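Engineer: What follows is the file work_2.cif, containing mmCIF, C-alpha atoms:
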```cif
data_query
loop_
_atom_site.group_PDB
_atom_site.id
_atom_site.type_symbol
_atom_site.label_atom_id
_atom_site.label_comp_id
_atom_site.auth_asym_id
_atom_site.auth_seq_id
_atom_site.Cartn_x
_atom_site.Cartn_y
_atom_site.Cartn_z
ATOM 1 C CA MET A 920 10.499 32.223 62.326
ATOM 2 C CA LYS A 921 6.919 33.221 61.483
ATOM 3 C CA LYS A 922 7.708 36.859 62.326
ATOM 4 C CA LEU A 923 10.784 36.797 60.111
ATOM 5 C CA SER A 924 8.737 35.431 57.215
ATOM 6 C CA LEU A 925 6.124 38.134 57.780
ATOM 7 C CA TYR A 926 8.763 40.884 57.800
ATOM 8 C CA ILE A 927 10.319 39.580 54.596
ATOM 9 C CA PHE A 928 6.904 39.423 52.940
ATOM 10 C CA LEU A 929 6.072 43.010 53.992
ATOM 11 C CA VAL A 930 9.421 44.316 52.763
ATOM 12 C CA LEU A 931 8.901 42.633 49.395
ATOM 13 C CA LEU A 932 5.436 44.188 49.114
ATOM 14 C CA TRP A 933 6.799 47.619 49.998
ATOM 15 C CA CYS A 934 9.583 47.334 47.411
ATOM 16 C CA ASN A 935 7.030 46.736 44.672
ATOM 17 C CA VAL A 936 4.767 49.683 45.563
ATOM 18 C CA GLY A 937 6.695 52.280 43.526
ATOM 19 C CA TYR A 938 6.533 50.413 40.251
ATOM 20 C CA ALA A 939 3.819 50.847 37.687
ATOM 21 C CA LYS A 940 2.136 48.124 35.791
ATOM 22 C CA VAL A 941 0.060 47.583 32.703
ATOM 23 C CA GLY A 942 -3.263 49.367 33.120
ATOM 24 C CA ASP A 943 -1.891 52.324 35.101
ATOM 25 C CA VAL A 944 -2.717 55.890 34.120
ATOM 26 C CA TYR A 945 0.102 58.437 33.920
ATOM 27 C CA PHE A 946 -0.540 62.157 34.375
ATOM 28 C CA CYS A 947 2.178 64.275 32.785
ATOM 29 C CA GLU A 948 3.161 67.906 32.531
ATOM 30 C CA MET A 949 5.522 69.025 29.807
ATOM 31 C CA ASP A 950 8.767 70.651 30.873
ATOM 32 C CA GLN A 951 9.503 71.623 27.262
ATOM 33 C CA LEU A 952 7.805 71.504 23.860
ATOM 34 C CA ILE A 953 10.301 72.460 21.151
ATOM 35 C CA THR A 954 10.492 72.415 17.364
ATOM 36 C CA ILE A 955 13.831 72.556 15.581
ATOM 37 C CA ASP A 956 14.356 73.424 11.923
ATOM 38 C CA ASP A 957 16.937 75.073 9.630
ATOM 39 C CA GLU A 958 16.232 78.465 11.179
ATOM 40 C CA GLY A 959 16.730 77.391 14.802
ATOM 41 C CA SER A 960 14.475 76.272 17.631
ATOM 42 C CA THR A 961 11.082 77.462 18.878
ATOM 43 C CA ASN A 962 9.681 76.849 22.357
ATOM 44 C CA TYR A 963 5.910 76.438 22.710
ATOM 45 C CA LYS A 964 3.538 76.669 25.645
ATOM 46 C CA THR A 965 3.751 73.472 27.675
ATOM 47 C CA GLN A 966 0.729 71.207 28.096
ATOM 48 C CA LYS A 967 -0.661 68.618 30.476
ATOM 49 C CA PHE A 968 -1.653 65.206 29.182
ATOM 50 C CA LYS A 969 -2.293 61.648 30.295
ATOM 51 C CA PHE A 970 -1.801 58.194 28.887
ATOM 52 C CA ASN A 971 -2.859 54.654 29.725
ATOM 53 C CA ARG A 972 -0.082 52.125 29.829
ATOM 54 C CA GLU A 973 -1.080 48.938 28.041
ATOM 55 C CA LYS A 974 1.008 45.849 27.390
ATOM 56 C CA ASP A 975 2.241 46.832 23.944
ATOM 57 C CA SER A 976 1.163 50.475 23.662
ATOM 58 C CA LEU A 977 0.617 53.851 25.275
ATOM 59 C CA LYS A 978 -2.856 55.300 24.633
ATOM 60 C CA PHE A 979 -3.082 59.037 25.092
ATOM 61 C CA GLY A 980 -6.215 60.899 26.161
ATOM 62 C CA SER A 981 -8.712 62.634 23.918
ATOM 63 C CA SER A 982 -8.243 66.120 25.384
ATOM 64 C CA GLU A 983 -6.773 68.863 23.210
ATOM 65 C CA GLY A 984 -3.040 69.061 22.758
ATOM 66 C CA PHE A 985 -0.028 67.585 21.072
ATOM 67 C CA PHE A 986 -0.771 63.942 21.972
ATOM 68 C CA LYS A 987 -4.554 64.081 21.321
ATOM 69 C CA ASN A 988 -5.880 60.556 20.562
ATOM 70 C CA ASN A 989 -2.364 59.291 19.870
ATOM 71 C CA THR A 990 -1.200 55.689 20.331
ATOM 72 C CA GLU A 991 2.465 54.735 20.559
ATOM 73 C CA THR A 992 3.833 51.198 20.311
ATOM 74 C CA VAL A 993 5.906 49.926 23.259
ATOM 75 C CA THR A 994 8.848 47.784 22.119
ATOM 76 C CA PHE A 995 10.647 47.360 25.468
ATOM 77 C CA ASN A 996 9.126 47.152 28.927
ATOM 78 C CA ALA A 997 10.893 46.793 32.317
ATOM 79 C CA LYS A 998 8.970 48.264 35.267
ATOM 80 C CA GLU A 999 9.530 52.046 35.161
ATOM 81 C CA TYR A 1000 11.696 51.903 32.062
ATOM 82 C CA PHE A 1001 10.023 51.441 28.708
ATOM 83 C CA PHE A 1002 10.420 52.772 25.188
ATOM 84 C CA GLY A 1003 9.097 52.456 21.668
ATOM 85 C CA GLY A 1004 7.545 54.404 18.827
ATOM 86 C CA ASN A 1005 7.275 54.120 15.067
ATOM 87 C CA ASP A 1006 9.083 55.281 11.905
ATOM 88 C CA TYR A 1007 8.404 58.953 12.664
ATOM 89 C CA GLY A 1008 8.496 59.268 16.441
ATOM 90 C CA ARG A 1009 10.291 57.614 19.344
ATOM 91 C CA PHE A 1010 9.798 57.844 23.096
ATOM 92 C CA ILE A 1011 11.546 56.708 26.229
ATOM 93 C CA TYR A 1012 10.150 56.701 29.753
ATOM 94 C CA ARG A 1013 12.330 56.227 32.777
ATOM 95 C CA GLU A 1014 11.416 56.794 36.409
ATOM 96 C CA GLY A 1015 9.042 59.726 35.960
ATOM 97 C CA LYS A 1016 10.508 61.330 32.818
ATOM 98 C CA LEU A 1017 9.066 60.969 29.329
ATOM 99 C CA ILE A 1018 11.069 62.135 26.323
ATOM 100 C CA TYR A 1019 9.390 62.047 22.915
ATOM 101 C CA SER A 1020 10.940 63.068 19.598
ATOM 102 C CA GLN A 1021 9.301 63.184 16.199
ATOM 103 C CA LEU A 1022 10.835 63.886 12.792
ATOM 104 C CA LEU A 1023 8.568 65.738 10.369
ATOM 105 C CA ASN A 1024 9.218 66.004 6.640
ATOM 106 C CA HIS A 1025 6.924 68.578 5.023
ATOM 107 C CA PRO A 1026 7.018 68.925 1.223
ATOM 108 C CA THR A 1027 6.831 72.745 1.442
ATOM 109 C CA GLU A 1028 8.236 73.496 4.910
ATOM 110 C CA GLY A 1029 11.241 71.173 4.854
ATOM 111 C CA VAL A 1030 12.449 68.876 7.613
ATOM 112 C CA ASN A 1031 11.999 69.711 11.273
ATOM 113 C CA SER A 1032 11.644 67.888 14.534
ATOM 114 C CA VAL A 1033 9.476 68.131 17.617
ATOM 115 C CA THR A 1034 10.770 67.221 21.059
ATOM 116 C CA VAL A 1035 8.707 66.862 24.217
ATOM 117 C CA ILE A 1036 10.187 66.461 27.680
ATOM 118 C CA ALA A 1037 7.655 65.798 30.432
ATOM 119 C CA THR A 1038 7.473 64.841 34.085
ATOM 120 C CA CYS A 1039 4.872 62.163 34.870
ATOM 121 C CA GLU A 1040 3.201 60.653 37.906
ATOM 122 C CA ILE A 1041 1.282 57.409 38.164
ATOM 123 C CA PHE A 1042 -2.315 57.845 39.279
#
```
What's the structure tokens form of this structure?
Structural biologist:
Amino acid sequence: MKKLSLYIFLVLLWCNVGYAKVGDVYFCEMDQLITIDDEGSTNYKTQKFKFNREKDSLKFGSSEGFFKNNTETVTFNAKEYFFGGNDYGRFIYREGKLIYSQLLNHPTEGVNSVTVIATCEIF
């Protein structure tokens, strides 16, 4: 009976290993960085970035790039599935994929959007 309890305990520990938690750091590499406007779409050079997962937010690093010093609000959180954003941008993260979309409304350039698709790993 003691061995059975030990095996069950070890299996439960192993099942939890793959899930991230608050305080983890995610290292990501963009698969695509795209803007879309009235004239079509433009692909840009992809970037690497990282973010810290906090209880109610994602805090991005201070290195150069699209997400430099950015903070995004997390509104839903369930292990490796979380999402959030604000009035201008929304993100969703699910099992290693981050998708971020932002709507931009420039007085002189019109309306366009930016979409980022990235693959992330927990460090």
Engineer: Considering all atoms listed in the file, return as number ranges by chain whatever protein or nucleic-acid residues lie within 12 Å of Val993 (chain A), sequence-local ones (same chain, fewer than 5 positions apart) excluded.
Structural biologist: A: 941, 971-978, 1000-1005, 1008-1012
Engineer: I'd like to know which of A:Leu1017, A:Ala997, A:Leu1023, A:Ala1037 is closest to Asp956 (chain A), using all atoms listed in the file.
Structural biologist: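 That would be A:Leu1023, the residue with the smallest distance to Asp956 (chain A).
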Engineer: Report, in Å with one decimal, the straight-line distance from CA of Val1033 (chain A) to CA of Gly942 (chain A).
Structural biologist: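 CA of Val1033 (chain A) sits 27.5 Å away from CA of Gly942 (chain A).
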Engineer: Separation of CA of Gln951 (chain A) and CA of Pro1026 (chain A), in Å?
Structural biologist: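 Straight-line distance from CA of Gln951 (chain A) to CA of Pro1026 (chain A) works out to 26.3 Å.
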Engineer: Let me make sure I understand: among A:Phe986, A:Gln966, A:Gly1015, A:His1025, which one has the smallest atom-to-atom distance to Tyr945 (chain A) if we use all atoms listed in the file?
Structural biologist: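 So, comparing all the options, the nearest one is A:Gly1015.
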Engineer: I would like the residues chosen by the PyMOL selection byres ((chain A and resi 988) around 12) on the shown file; could you give them as a PyMOL selection string?
Structural biologist: chain A and resi 968-971+977-987+989-991
Engineer: Name the closest residue to Asp943 (chain A) among the candidates A:Lys998, A:Lys964, A:Asn1024, A:Glu958; distances are taken between atoms, counting all atoms listed in the file.
Structural biologist: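 Of all the options, A:Lys998 lies closest to Asp943 (chain A).
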Engineer: Emit as AutoDock Vina command-line options the padded axis-aligned box for all listed atoms of region 992-1001 of chain A, 6 Å per side, with centre and edge lengths in Å to one decimal.
Structural biologist:
```
--center_x 7.8 --center_y 49.4 --center_z 27.8 --size_x 19.9 --size_y 17.3 --size_z 27.0
```
Engineer: Would you mind telling me which residue in A:Tyr963, A:Glu948, A:Glu999, A:Ile955 lies nearest to Asn1031 (chain A) when using all atoms listed in the file?
Structural biologist: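 Comparing A:Tyr963, A:Glu948, A:Glu999, A:Ile955 against Asn1031 (chain A), the winner is A:Ile955.
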Engineer: List the residues selected by the PyMOL selection byres ((chain A and resi 1040) around 8) in the file shown, writing them as a list in words.
Structural biologist: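 That expression, the PyMOL selection byres ((chain A and resi 1040) around 8), corresponds here to Tyr945, Phe946, Cys947, Gly1015, Thr1038, Cys1039, Ile1041 and Phe1042 of chain A.
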Engineer: What is the distance, in Å and to one decimal place, between CA of Ile953 (chain A) and CA of Ser1032 (chain A)?
Structural biologist: 8.2 Å
Engineer: Could you name the residues that touch Thr965 (chain A) at 9 Å or less, counting only C-alpha atoms, but leaving out those on the same chain fewer than 3 positions away, as JSON, numbers by chain?
Structural biologist: {"A": [948, 949, 950, 951, 952, 962, 1035]}
